[in-house]
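Next up, run-v2.txt (compact mmCIF, C-alpha atoms and all ligand atoms):
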# COMPACT_ATOMS: atom_id res chain seq x y z
CA MET A 102 37.09 19.25 37.79
CA SER A 103 38.38 17.83 41.03
CA GLU A 104 39.22 14.18 41.51
CA SER A 105 36.16 12.30 42.72
CA GLY A 106 37.00 11.23 46.24
CA LYS A 107 38.28 7.68 45.99
CA ASP A 108 39.36 7.46 49.56
CA ILE A 109 38.33 3.94 50.46
CA GLU A 110 40.75 1.42 49.07
CA PRO A 111 38.87 -1.53 47.64
CA SER A 112 39.92 -4.52 49.68
CA ILE A 113 41.00 -7.43 47.58
CA ASP A 114 41.10 -10.90 49.06
CA GLN A 115 43.75 -13.48 48.17
CA SER A 116 41.85 -14.84 45.21
CA GLY A 117 41.74 -11.33 43.75
CA VAL A 118 38.04 -10.84 44.41
CA ASP A 119 36.83 -7.43 45.55
CA VAL A 120 35.40 -8.10 49.00
CA ALA A 121 34.56 -4.56 50.13
CA PRO A 122 30.83 -3.98 50.60
CA GLN A 123 29.34 -2.13 47.65
CA VAL A 124 27.60 0.44 49.82
CA VAL A 125 29.17 1.73 53.03
CA ILE A 126 27.21 4.26 55.05
CA LYS A 127 29.02 5.86 57.97
CA ASP A 128 27.64 8.00 60.80
CA LEU A 129 25.01 9.49 58.52
CA TRP A 130 22.76 12.25 59.86
CA LYS A 131 20.02 14.26 58.24
CA VAL A 132 18.46 17.09 60.14
CA PHE A 133 15.68 19.08 58.47
CA GLY A 134 15.21 22.72 59.42
CA ARG A 135 17.10 25.93 59.96
CA ASP A 136 20.83 25.71 60.74
CA PRO A 137 20.71 21.91 61.04
CA LYS A 138 24.36 21.44 62.01
CA ARG A 139 23.81 22.91 65.47
CA VAL A 140 21.69 19.85 66.31
CA LEU A 141 24.83 17.70 66.01
CA LYS A 142 26.52 19.54 68.87
CA LYS A 143 27.15 17.56 72.01
CA GLU A 144 24.37 19.17 74.06
CA LEU A 145 21.69 18.34 71.52
CA ARG A 146 22.66 15.24 69.56
CA SER A 147 21.70 12.71 72.18
CA LEU A 148 18.27 14.19 72.88
CA SER A 149 15.16 12.46 71.52
CA LYS A 150 13.62 13.47 68.21
CA GLU A 151 10.74 15.09 70.09
CA GLU A 152 12.98 17.08 72.40
CA ILE A 153 15.12 18.28 69.51
CA LYS A 154 12.02 19.41 67.70
CA LYS A 155 10.80 21.27 70.78
CA LYS A 156 14.15 22.95 71.47
CA THR A 157 15.23 23.83 67.91
CA GLY A 158 12.30 23.32 65.57
CA CYS A 159 14.49 20.91 63.60
CA ILE A 160 13.36 17.44 62.58
CA ILE A 161 15.62 14.42 62.71
CA GLY A 162 15.35 12.50 59.43
CA MET A 163 18.30 10.17 60.05
CA ARG A 164 20.37 9.73 63.16
CA ASN A 165 23.85 8.27 63.02
CA ILE A 166 23.12 5.55 60.48
CA ASN A 167 25.76 2.91 59.80
CA LEU A 168 25.08 0.27 57.17
CA GLN A 169 26.99 -1.94 54.78
CA ILE A 170 25.39 -3.50 51.76
CA GLU A 171 27.05 -6.25 49.75
CA LYS A 172 26.95 -6.53 46.00
CA GLY A 173 23.97 -8.62 44.89
CA GLN A 174 22.21 -8.36 48.23
CA PHE A 175 18.46 -7.80 48.49
CA TYR A 176 18.54 -5.26 51.30
CA ILE A 177 15.36 -4.14 53.03
CA LEU A 178 14.81 -0.90 54.91
CA MET A 179 11.79 -1.34 57.14
CA GLY A 180 10.10 0.84 59.69
CA LEU A 181 6.89 2.70 60.49
CA SER A 182 5.90 5.78 58.55
CA GLY A 183 8.22 8.67 59.42
CA SER A 184 11.08 6.41 60.53
CA GLY A 185 13.44 7.79 57.88
CA LYS A 186 13.32 5.12 55.15
CA SER A 187 12.69 7.50 52.26
CA THR A 188 15.16 10.03 53.58
CA LEU A 189 17.84 7.34 53.62
CA ILE A 190 17.14 5.92 50.17
CA ARG A 191 16.90 9.41 48.66
CA ASN A 192 20.13 10.31 50.35
CA LEU A 193 21.83 7.44 48.56
CA ILE A 194 21.38 9.27 45.26
CA ARG A 195 21.63 12.64 46.92
CA LEU A 196 18.14 13.76 46.08
CA VAL A 197 18.51 14.74 49.71
CA ASN A 198 21.88 15.86 51.07
CA SER A 199 23.03 14.61 54.44
CA THR A 200 23.91 16.91 57.33
CA SER A 201 26.97 14.85 58.22
CA GLY A 202 28.52 11.43 57.64
CA SER A 203 29.57 9.66 54.46
CA ILE A 204 28.29 7.32 51.78
CA HIS A 205 30.72 5.24 49.76
CA ILE A 206 29.56 3.28 46.76
CA ASN A 207 32.03 1.03 44.96
CA GLY A 208 34.72 2.79 46.96
CA GLU A 209 33.70 6.26 45.75
CA ASN A 210 32.71 8.92 48.21
CA LEU A 211 29.30 10.13 47.07
CA THR A 212 29.13 12.83 49.71
CA LYS A 213 32.16 14.57 48.16
CA MET A 214 31.10 14.56 44.51
CA ASN A 215 30.32 17.79 42.70
CA GLN A 216 27.13 18.16 40.69
CA GLU A 217 28.60 16.91 37.41
CA GLN A 218 30.28 13.89 38.95
CA LEU A 219 27.10 13.12 40.81
CA LEU A 220 24.94 13.21 37.68
CA ASN A 221 27.30 10.85 35.85
CA PHE A 222 27.55 8.54 38.81
CA ARG A 223 23.79 8.40 39.24
CA LYS A 224 23.22 7.59 35.58
CA LYS A 225 25.64 4.71 35.53
CA THR A 226 24.94 3.27 38.97
CA PHE A 227 21.30 3.62 39.98
CA GLY A 228 17.83 2.71 38.85
CA MET A 229 14.97 4.02 40.96
CA VAL A 230 11.41 2.74 41.30
CA PHE A 231 8.90 4.89 43.18
CA GLN A 232 5.67 4.09 44.95
CA ASN A 233 3.52 6.24 42.66
CA TYR A 234 5.18 4.76 39.53
CA GLY A 235 6.45 8.18 38.36
CA LEU A 236 5.44 7.60 34.74
CA LEU A 237 4.91 10.39 32.24
CA PRO A 238 1.22 10.19 31.19
CA HIS A 239 1.52 11.82 27.77
CA ILE A 240 4.12 9.45 26.31
CA THR A 241 3.76 5.76 25.49
CA VAL A 242 4.82 2.80 27.60
CA LEU A 243 7.79 2.31 25.28
CA ASP A 244 8.87 5.94 25.57
CA ASN A 245 8.49 5.77 29.33
CA ALA A 246 10.66 2.65 29.49
CA ALA A 247 13.24 4.31 27.24
CA TYR A 248 13.17 7.60 29.13
CA GLY A 249 16.31 7.10 31.19
CA LEU A 250 18.25 6.07 28.10
CA LYS A 251 17.18 9.23 26.31
CA ILE A 252 18.57 11.29 29.17
CA LYS A 253 21.73 9.26 28.91
CA GLY A 254 21.99 10.34 25.26
CA LEU A 255 21.64 6.95 23.55
CA PRO A 256 20.54 6.99 19.88
CA LYS A 257 16.86 6.29 19.28
CA GLY A 258 17.20 2.83 17.72
CA GLU A 259 19.39 1.59 20.52
CA ARG A 260 17.23 2.90 23.32
CA TYR A 261 14.05 1.46 21.82
CA ALA A 262 15.68 -1.92 21.35
CA LYS A 263 16.84 -1.90 24.95
CA ALA A 264 13.47 -0.70 26.25
CA MET A 265 11.61 -3.38 24.26
CA GLN A 266 13.85 -5.95 25.85
CA THR A 267 13.23 -4.80 29.43
CA LEU A 268 9.48 -4.49 28.80
CA ASP A 269 9.62 -8.11 27.73
CA THR A 270 11.57 -8.98 30.91
CA VAL A 271 8.81 -7.53 33.10
CA GLY A 272 6.06 -9.24 31.11
CA LEU A 273 4.75 -6.25 29.14
CA LYS A 274 5.42 -7.37 25.61
CA GLY A 275 2.65 -6.04 23.36
CA TRP A 276 1.89 -2.99 25.53
CA GLU A 277 4.58 -0.73 24.05
CA ASP A 278 2.25 1.65 22.22
CA TYR A 279 -0.29 2.19 24.99
CA TYR A 280 -0.32 5.19 27.28
CA PRO A 281 0.23 4.59 31.02
CA GLY A 282 -3.37 5.58 31.82
CA ALA A 283 -4.64 2.50 29.97
CA LEU A 284 -2.72 0.17 32.28
CA SER A 285 -3.64 -1.19 35.71
CA GLY A 286 -1.57 -0.21 38.76
CA GLY A 287 0.43 -3.42 38.68
CA MET A 288 1.22 -2.96 35.02
CA GLN A 289 2.19 0.66 35.50
CA GLN A 290 4.63 -0.40 38.16
CA ARG A 291 6.08 -2.94 35.73
CA VAL A 292 6.74 -0.03 33.38
CA GLY A 293 8.45 1.74 36.28
CA LEU A 294 10.58 -1.31 36.84
CA ALA A 295 11.34 -1.69 33.13
CA ARG A 296 12.46 1.94 32.98
CA ALA A 297 14.78 1.41 35.94
CA LEU A 298 16.20 -1.80 34.46
CA ALA A 299 16.65 -0.46 30.90
CA ASN A 300 19.71 1.36 32.10
CA ASP A 301 21.19 -1.86 33.45
CA PRO A 302 21.95 -0.20 36.79
CA GLU A 303 24.20 -1.82 39.37
CA ILE A 304 21.92 -0.80 42.20
CA LEU A 305 18.14 -0.75 42.13
CA LEU A 306 16.47 1.54 44.66
CA MET A 307 12.84 0.80 45.34
CA ASP A 308 10.80 2.99 47.70
CA GLU A 309 7.60 1.14 48.67
CA PRO A 310 7.09 0.16 45.02
CA PHE A 311 4.18 -2.18 45.70
CA SER A 312 2.39 -0.25 48.44
CA GLY A 313 -0.26 1.14 46.11
CA LEU A 314 -1.25 -2.26 44.72
CA ASP A 315 -4.06 -4.64 45.67
CA PRO A 316 -2.87 -7.50 47.90
CA LEU A 317 -3.11 -10.19 45.22
CA ILE A 318 -1.31 -8.18 42.56
CA ARG A 319 1.17 -7.14 45.19
CA ARG A 320 2.04 -10.73 46.05
CA GLN A 321 2.35 -11.58 42.39
CA MET A 322 4.74 -8.65 41.85
CA GLN A 323 6.80 -9.79 44.84
CA ASP A 324 7.08 -13.30 43.41
CA GLU A 325 8.13 -11.92 40.06
CA LEU A 326 10.71 -9.65 41.63
CA VAL A 327 12.22 -12.62 43.47
CA GLU A 328 12.41 -14.52 40.20
CA LEU A 329 13.85 -11.56 38.36
CA GLN A 330 16.48 -10.95 41.02
CA ASP A 331 17.48 -14.59 40.79
CA LYS A 332 18.38 -13.94 37.15
CA LEU A 333 19.68 -10.36 37.32
CA LYS A 334 21.52 -10.49 40.65
CA LYS A 335 21.42 -6.72 41.12
CA THR A 336 21.97 -5.02 44.41
CA ILE A 337 18.46 -4.06 45.49
CA ILE A 338 17.69 -1.61 48.27
CA PHE A 339 14.00 -1.90 48.96
CA VAL A 340 11.88 0.16 51.32
CA THR A 341 8.75 -1.27 52.90
CA HIS A 342 6.71 -0.98 56.06
CA ASP A 343 5.26 -4.45 55.49
CA LEU A 344 6.93 -7.23 57.47
CA HIS A 345 5.74 -10.07 55.26
CA GLU A 346 7.07 -8.33 52.19
CA ALA A 347 10.37 -7.79 53.98
CA LEU A 348 10.64 -11.42 55.07
CA LYS A 349 9.75 -12.72 51.65
CA LEU A 350 12.16 -10.55 49.70
CA GLY A 351 15.06 -9.66 51.94
CA ASP A 352 18.46 -11.24 52.42
CA GLN A 353 19.14 -8.63 55.05
CA ILE A 354 16.76 -6.30 56.86
CA ALA A 355 17.56 -3.02 58.61
CA ILE A 356 14.82 -1.77 60.90
CA LEU A 357 14.51 1.96 61.46
CA ARG A 358 12.77 3.94 64.15
CA ASN A 359 12.80 7.74 64.51
CA GLY A 360 15.64 7.93 62.00
CA GLU A 361 17.78 5.36 63.78
CA VAL A 362 18.72 1.81 62.89
CA VAL A 363 17.47 -0.40 65.73
CA GLN A 364 18.33 -3.81 64.29
CA ILE A 365 20.05 -5.34 61.29
CA GLY A 366 19.70 -9.02 60.56
CA THR A 367 18.50 -11.79 58.29
CA PRO A 368 14.74 -12.40 58.24
CA GLU A 369 15.33 -15.35 60.53
CA GLU A 370 17.32 -13.29 63.04
CA ILE A 371 14.75 -10.50 63.05
CA VAL A 372 11.86 -12.89 63.71
CA THR A 373 13.58 -15.13 66.23
CA GLN A 374 15.68 -12.53 68.07
CA PRO A 375 13.92 -9.15 67.90
CA ALA A 376 16.23 -6.55 69.44
CA ASP A 377 13.59 -4.60 71.34
CA ASP A 378 9.85 -4.02 71.87
CA TYR A 379 9.52 -2.02 68.66
CA VAL A 380 10.86 -4.88 66.55
CA GLN A 381 8.93 -7.37 68.66
CA GLU A 382 5.74 -5.51 67.82
CA PHE A 383 6.63 -5.66 64.14
CA VAL A 384 7.24 -9.40 64.12
CA ARG A 385 4.38 -10.36 66.44
CA ASP A 386 2.38 -11.95 63.64
CA ALA A 387 5.28 -13.48 61.78
CA SER A 388 5.33 -17.23 61.65
CA PRO A 389 8.72 -18.85 62.31
CA ALA A 390 7.66 -21.52 59.81
CA LYS A 391 8.03 -18.92 57.11
CA VAL A 392 11.57 -17.89 58.00
CA LEU A 393 13.28 -20.79 59.73
CA THR A 394 15.10 -23.05 57.32
CA ALA A 395 16.05 -26.71 57.21
CA GLY A 396 19.69 -25.64 57.51
CA SER A 397 19.05 -23.93 60.82
CA ILE A 398 17.29 -26.83 62.53
CA MET A 399 18.91 -29.92 60.98
CA GLU A 400 20.88 -32.51 62.94
CA PRO A 401 23.76 -34.64 61.74
CA ALA A 402 22.56 -37.98 60.36
CA LYS A 403 23.05 -40.49 63.19
CA VAL A 404 23.79 -43.63 61.22
CA LEU A 405 25.61 -43.44 57.95
CA LEU A 406 26.85 -46.16 55.70
CA TYR A 407 29.53 -45.80 53.12
CA ALA A 408 28.86 -47.50 49.82
CA TRP A 409 32.22 -49.23 49.81
CA GLU A 410 31.40 -51.00 53.07
CA GLY A 411 30.11 -54.45 52.36
CA PRO A 412 26.57 -55.52 53.26
CA LYS A 413 27.87 -57.50 56.20
CA THR A 414 29.53 -54.53 57.87
CA ALA A 415 26.42 -52.56 57.11
CA LEU A 416 24.17 -55.04 58.86
CA THR A 417 26.42 -55.18 61.90
CA LEU A 418 26.33 -51.41 62.13
CA LEU A 419 22.55 -51.25 61.79
CA ARG A 420 22.00 -53.85 64.47
CA SER A 421 24.45 -52.30 66.90
CA GLN A 422 22.57 -49.02 66.50
CA LYS A 423 19.18 -50.74 66.68
CA ARG A 424 18.16 -49.30 63.33
CA ARG A 425 16.31 -50.84 60.45
CA ALA A 426 17.45 -48.51 57.74
CA CYS A 427 19.98 -45.81 57.12
CA PHE A 428 21.45 -43.42 54.59
CA VAL A 429 24.22 -44.51 52.26
CA VAL A 430 26.76 -42.01 50.94
CA ASP A 431 29.67 -42.23 48.53
CA LYS A 432 33.28 -41.17 49.14
CA SER A 433 32.54 -37.49 48.68
CA HIS A 434 29.58 -37.76 51.05
CA ARG A 435 27.00 -37.59 48.28
CA LEU A 436 23.73 -39.21 49.24
CA LEU A 437 23.02 -42.37 47.24
CA GLY A 438 19.82 -43.52 48.96
CA VAL A 439 18.46 -45.52 51.88
CA ALA A 440 19.43 -49.10 52.62
CA ASN A 441 17.17 -51.25 54.77
CA GLU A 442 17.87 -54.33 56.85
CA GLU A 443 15.76 -56.65 54.76
CA LYS A 444 17.52 -55.88 51.50
CA LEU A 445 20.93 -56.15 53.11
CA GLU A 446 20.03 -59.54 54.56
CA LYS A 447 19.05 -60.76 51.12
CA LEU A 448 22.42 -59.66 49.81
CA ILE A 449 24.44 -61.71 52.27
CA GLU A 450 22.35 -64.78 51.52
CA LEU A 451 23.49 -64.59 47.90
CA GLU A 452 26.11 -67.02 46.81
CA ASP A 453 28.06 -64.35 45.04
CA LYS A 454 28.04 -61.78 47.84
CA PRO A 455 28.74 -58.23 46.58
CA LYS A 456 31.70 -56.53 48.26
CA VAL A 457 30.13 -53.11 48.15
CA ILE A 458 26.51 -52.13 48.63
CA PRO A 459 25.06 -51.94 45.12
CA GLU A 460 23.08 -48.84 44.29
CA SER A 461 20.29 -50.96 42.88
CA ILE A 462 19.11 -51.99 46.35
CA LEU A 463 18.96 -48.41 47.60
CA ARG A 464 15.68 -46.60 47.85
CA LYS A 465 15.64 -43.03 46.54
CA VAL A 466 14.14 -40.63 49.04
CA PRO A 467 12.95 -37.03 48.77
CA THR A 468 15.54 -34.48 49.82
CA VAL A 469 15.46 -30.81 50.77
CA THR A 470 18.12 -28.10 50.73
CA GLU A 471 19.42 -25.97 53.57
CA ASP A 472 17.30 -23.00 52.53
CA THR A 473 13.99 -24.87 52.40
CA ILE A 474 11.66 -23.07 54.82
CA LEU A 475 9.83 -25.08 57.47
CA GLU A 476 6.48 -24.33 55.93
CA ASP A 477 7.56 -26.27 52.84
CA LEU A 478 8.99 -29.08 54.97
CA PHE A 479 5.73 -29.98 56.70
CA SER A 480 4.19 -32.02 53.92
CA ILE A 481 7.43 -33.78 53.02
CA VAL A 482 8.09 -34.76 56.62
CA SER A 483 4.57 -35.98 57.24
CA GLU A 484 4.57 -38.21 54.17
CA ASN A 485 7.84 -39.94 55.00
CA PRO A 486 8.66 -42.27 57.86
CA TYR A 487 12.39 -41.48 57.73
CA PRO A 488 14.23 -38.32 58.69
CA ILE A 489 14.43 -36.11 55.60
CA PRO A 490 17.96 -35.67 54.27
CA VAL A 491 19.21 -32.13 53.71
CA VAL A 492 21.63 -31.96 50.76
CA ASP A 493 23.66 -29.22 49.11
CA GLU A 494 23.72 -28.38 45.41
CA ASN A 495 26.13 -31.26 44.76
CA GLY A 496 23.91 -33.76 46.51
CA LYS A 497 26.17 -33.97 49.56
CA LEU A 498 24.41 -34.96 52.75
CA LYS A 499 24.53 -32.05 55.22
CA GLY A 500 22.13 -33.32 57.88
CA VAL A 501 18.60 -34.51 58.50
CA VAL A 502 15.32 -32.97 59.65
CA THR A 503 12.56 -34.77 61.52
CA THR A 504 9.05 -33.95 62.68
CA ASP A 505 10.38 -33.54 66.23
CA LEU A 506 12.98 -31.01 65.16
CA ILE A 507 10.37 -29.00 63.30
CA PHE A 508 7.95 -28.90 66.21
CA GLU A 509 10.71 -28.03 68.60
CA ALA A 510 11.67 -25.11 66.38
CA ILE A 511 8.20 -23.64 65.97
CA SER A 512 6.76 -24.15 69.43
CA PRO A 513 6.94 -21.07 71.63
CA GLU A 514 10.08 -20.85 73.69
CA GLU A 515 9.98 -22.55 77.06
CA ASP A 516 12.45 -22.64 79.84
CA THR A 517 14.18 -25.89 79.11
CA ASN A 518 16.74 -25.63 81.88
CA ASP A 519 14.76 -27.63 84.34
N1 LIG B 1 11.60 17.87 53.50
C1 LIG B 1 11.38 17.62 54.79
N2 LIG B 1 11.29 18.62 55.69
C2 LIG B 1 11.11 18.38 57.00
N3 LIG B 1 11.00 17.16 57.52
C3 LIG B 1 11.06 16.12 56.69
C4 LIG B 1 11.25 16.29 55.28
N4 LIG B 1 11.30 15.05 54.70
C5 LIG B 1 11.13 14.17 55.72
N5 LIG B 1 10.99 14.80 56.90
C6 LIG B 1 10.81 14.18 58.22
O1 LIG B 1 11.84 13.20 58.39
C7 LIG B 1 11.33 12.06 59.04
C8 LIG B 1 11.56 10.83 58.17
O2 LIG B 1 10.71 10.91 57.03
P1 LIG B 1 10.72 9.86 55.86
O3 LIG B 1 12.11 9.56 55.50
O4 LIG B 1 9.82 10.35 54.79
O5 LIG B 1 10.08 8.58 56.58
P2 LIG B 1 9.49 7.22 55.95
O6 LIG B 1 9.89 7.16 54.52
O7 LIG B 1 10.10 6.16 56.80
O8 LIG B 1 8.01 7.31 56.14
C9 LIG B 1 9.87 12.34 59.33
O9 LIG B 1 9.75 12.79 60.64
C10 LIG B 1 9.52 13.42 58.33
O10 LIG B 1 8.49 14.22 58.83
MG MG B 2 8.66 7.00 52.80

Do you think you could lay out the structure here as structure tokens?
Amino acid sequence: MSESGKDIEPSIDQSGVDVAPQVVIKDLWKVFGRDPKRVLKKELRSLSKEEIKKKTGCIIGMRNINLQIEKGQFYILMGLSGSGKSTLIRNLIRLVNSTSGSIHINGENLTKMNQEQLLNFRKKTFGMVFQNYGLLPHITVLDNAAYGLKIKGLPKGERYAKAMQTLDTVGLKGWEDYYPGALSGGMQQRVGLARALANDPEILLMDEPFSGLDPLIRRQMQDELVELQDKLKKTIIFVTHDLHEALKLGDQIAILRNGEVVQIGTPEEIVTQPADDYVQEFVRDASPAKVLTAGSIMEPAKVLLYAWEGPKTALTLLRSQKRRACFVVDKSHRLLGVANEEKLEKLIELEDKPKVIPESILRKVPTVTEDTILEDLFSIVSENPYPIPVVDENGKLKGVVTTDLIFEAISPEEDTND
């Protein structure tokens, strides 16, 4: 057996953490048809898919695809039907072989593996969920969920225990002994997901897994997948032609057309800066309120008080800025609350004036985080007369959002130069 091609050195950063992307796809082509390699010759490779088909009879499945996917990323492949999404995802496990280019996963060159290496690598690395569920109808839900483990050669007791556990994870406890036919579409797809997860794969490949489901069930499955991913933190490569699904689920979206990648970006980038008319057409109905976040529109807080400043200094500052209230933070910039003029005035009238602003006079205010989407900000902003503080996970004040900032962000772009 030859050495499996480990020809990309994992790059290690100074803290010793592996920082190389988990999946690296380079110059990947797939041409379907007779003698496909001739299509890659200089005279042909730059022609359109249509022209290539006319001249050679060959069909371009993927054209010069370059992608990098980080560990733990929820990566979406989106595009119209026939754009090459399935070809790409199937190529990742070599159910389809590429015509040229390379795929590295965890530094290993998949394109160079022999059949045996490939089978082993697939088993330990991937879980796959298909659109049509791909369940075996004549065996029970439990046996379906345990199927991959059987192939892997695990003893019966162990694989059933593991399968029971993943069925529980996807909310199917109690359904173990039923046959797939007795389950609704949504439940069948949960079995598909349980089967893929039973193996504890590093990378989950999902090809339009929810496309066959009713809209309500579909949304519910999306929500559950988001929740599940939050716990499992797998790398997920997810194919869809539905923009709202992509925006809801994806950390990163690659948009394909005629086998080519036309844009890669975060949901926010795709919606706010579509690369061309094709992407523009896709995102036409997308609401910026669903993708823009507090972090992307916030401003620095204009007036800030530090708790160790006395009430007198605080009042002077407020008055010089013509403000009636402001945020108070501690030494590490953690938000303590809002101090208003009235309360500060009362403090300096006291005989025993406090040297620092006591927390007891501060009003607690609602906060949001940088990833709160605008849609969720609306109600908070409208119920509060102050700018809404944006804090990080340690409660540190990062900035503020106001009604004005929100409306500025969601109103259609105007020429603001004049
Ligand atoms: N086995 C095949 N033989 C010939 N052409 C194929 C084959 N599989 C896919 N294609 C073609 O490759 C292109 C990409 O298909 P596919 O990856 O299935 O697109 P998507 O999943 O985005 O709908 C299409 O033009 C399709 O007709
Ligand atoms: Mg497809």

Exercise for review: Between A:Lys413, A:Pro486, A:Lys224, A:Gln216, single out the one closest to Glu450 in chain A, counting all atoms listed in the file.
Suggested key: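 So, comparing all the options, the nearest one is A:Lys413.
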
Exercise for review: Residues up to 8 Å from ligand MG 2 (chain B), counting all atoms listed in the file: could you list those as JSON, numbers by chain?
Suggested key: {"A": [182, 183, 185, 186, 187, 188, 308, 309, 340]}

Exercise for review: Go through A:Leu255, A:Met322, A:Leu357, A:Leu236 and flag the residue nearest ligand LIG 1 (chain B), using only C-alpha atoms and all ligand atoms for the distances.
Suggested key: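 Closest candidate: A:Leu357.
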
Practice item. Enumerate as a PyMOL selection string the residues within 12 Å of ligand LIG 1 (chain B), counting all atoms listed in the file. Key: chain A and resi 130-135+137+150-151+153-154+158-164+178-192+196-199+231-232+307-309+339-343+355-362

Residues of range 391-482 of chain A at most 8 Å from range 490-506 of chain A: nearest atom pair and distance in Å, all atoms listed in the file, as a Markdown table:
| residue | atom | partner | partner_atom | distance |
| --- | --- | --- | --- | --- |
| A:Ala395 | CA | A:Val502 | CA | 6.8 |
| A:Gly396 | CA | A:Val491 | CA | 7.5 |
| A:Ile398 | CA | A:Leu506 | CA | 6.6 |
| A:Met399 | CA | A:Val502 | CA | 4.9 |
| A:Glu400 | CA | A:Gly500 | CA | 5.3 |
| A:Pro401 | CA | A:Gly500 | CA | 4.4 |
| A:Ala402 | CA | A:Gly500 | CA | 5.3 |
| A:Val430 | CA | A:Leu498 | CA | 7.6 |
| A:Ser433 | CA | A:Lys497 | CA | 7.3 |
| A:His434 | CA | A:Lys497 | CA | 5.3 |
| A:Arg435 | CA | A:Lys497 | CA | 3.9 |
| A:Leu436 | CA | A:Leu498 | CA | 5.6 |
| A:Pro467 | CA | A:Pro490 | CA | 7.6 |
| A:Thr468 | CA | A:Pro490 | CA | 5.2 |
| A:Val469 | CA | A:Val491 | CA | 4.9 |
| A:Thr470 | CA | A:Val491 | CA | 5.1 |
| A:Glu471 | CA | A:Val491 | CA | 6.2 |
| A:Phe479 | CA | A:Thr504 | CA | 7.9 |
| A:Val482 | CA | A:Thr504 | CA | 6.2 |

Review point. Hey, which of A:Leu333, A:Ile318, A:Leu148, A:Ile126 ends up closest to Thr212 in chain A? Count only C-alpha atoms.
Key: A:Ile126

Can you tell me which residues surround range 452-459 of chain A at a distance of at most 12 Å, considering only C-alpha atoms, apart from same-chain residues fewer than 2 positions away, and format the answer as a PDB file with C-alpha atoms, in the coordinates of the input?
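Result saved to around.pdb:
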ATOM      1  CA  LEU A 406      26.850 -46.160  55.700  1.00  0.00           C
ATOM      2  CA  TYR A 407      29.530 -45.800  53.120  1.00  0.00           C
ATOM      3  CA  ALA A 408      28.860 -47.500  49.820  1.00  0.00           C
ATOM      4  CA  TRP A 409      32.220 -49.230  49.810  1.00  0.00           C
ATOM      5  CA  GLU A 410      31.400 -51.000  53.070  1.00  0.00           C
ATOM      6  CA  GLY A 411      30.110 -54.450  52.360  1.00  0.00           C
ATOM      7  CA  PRO A 412      26.570 -55.520  53.260  1.00  0.00           C
ATOM      8  CA  LYS A 413      27.870 -57.500  56.200  1.00  0.00           C
ATOM      9  CA  THR A 414      29.530 -54.530  57.870  1.00  0.00           C
ATOM     10  CA  ALA A 415      26.420 -52.560  57.110  1.00  0.00           C
ATOM     11  CA  LEU A 416      24.170 -55.040  58.860  1.00  0.00           C
ATOM     12  CA  PHE A 428      21.450 -43.420  54.590  1.00  0.00           C
ATOM     13  CA  VAL A 429      24.220 -44.510  52.260  1.00  0.00           C
ATOM     14  CA  VAL A 430      26.760 -42.010  50.940  1.00  0.00           C
ATOM     15  CA  ASP A 431      29.670 -42.230  48.530  1.00  0.00           C
ATOM     16  CA  LEU A 437      23.020 -42.370  47.240  1.00  0.00           C
ATOM     17  CA  GLY A 438      19.820 -43.520  48.960  1.00  0.00           C
ATOM     18  CA  VAL A 439      18.460 -45.520  51.880  1.00  0.00           C
ATOM     19  CA  ALA A 440      19.430 -49.100  52.620  1.00  0.00           C
ATOM     20  CA  ASN A 441      17.170 -51.250  54.770  1.00  0.00           C
ATOM     21  CA  LYS A 444      17.520 -55.880  51.500  1.00  0.00           C
ATOM     22  CA  LEU A 445      20.930 -56.150  53.110  1.00  0.00           C
ATOM     23  CA  GLU A 446      20.030 -59.540  54.560  1.00  0.00           C
ATOM     24  CA  LYS A 447      19.050 -60.760  51.120  1.00  0.00           C
ATOM     25  CA  LEU A 448      22.420 -59.660  49.810  1.00  0.00           C
ATOM     26  CA  ILE A 449      24.440 -61.710  52.270  1.00  0.00           C
ATOM     27  CA  GLU A 450      22.350 -64.780  51.520  1.00  0.00           C
ATOM     28  CA  SER A 461      20.290 -50.960  42.880  1.00  0.00           C
ATOM     29  CA  ILE A 462      19.110 -51.990  46.350  1.00  0.00           C
ATOM     30  CA  LEU A 463      18.960 -48.410  47.600  1.00  0.00           C
ATOM     31  CA  ARG A 464      15.680 -46.600  47.850  1.00  0.00           C
TER      32      ARG A 464
END

Point to revise | For CA of Phe383 in chain A and CA of Asp331 in chain A, the interatomic separation in Å (one decimal) | key: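 Going from CA of Phe383 in chain A over to CA of Asp331 in chain A, I get 27.3 Å.
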
Please rebuild range 259-263 of chain A with N, CA and C atoms and give the result as a PDB file, in the frame of the given file.
ATOM      1  N   GLU A 259      18.781   2.360  19.432  1.00  0.00           N
ATOM      2  CA  GLU A 259      19.390   1.590  20.520  1.00  0.00           C
ATOM      3  C   GLU A 259      18.521   1.621  21.773  1.00  0.00           C
ATOM      4  N   ARG A 260      18.001   2.820  22.069  1.00  0.00           N
ATOM      5  CA  ARG A 260      17.230   2.900  23.320  1.00  0.00           C
ATOM      6  C   ARG A 260      15.883   2.192  23.180  1.00  0.00           C
ATOM      7  N   TYR A 261      15.299   2.206  22.000  1.00  0.00           N
ATOM      8  CA  TYR A 261      14.050   1.460  21.820  1.00  0.00           C
ATOM      9  C   TYR A 261      14.284  -0.042  21.890  1.00  0.00           C
ATOM     10  N   ALA A 262      15.364  -0.479  21.312  1.00  0.00           N
ATOM     11  CA  ALA A 262      15.680  -1.920  21.350  1.00  0.00           C
ATOM     12  C   ALA A 262      15.844  -2.382  22.795  1.00  0.00           C
ATOM     13  N   LYS A 263      16.586  -1.575  23.545  1.00  0.00           N
ATOM     14  CA  LYS A 263      16.840  -1.900  24.950  1.00  0.00           C
ATOM     15  C   LYS A 263      15.537  -1.866  25.762  1.00  0.00           C
TER      16      LYS A 263
END
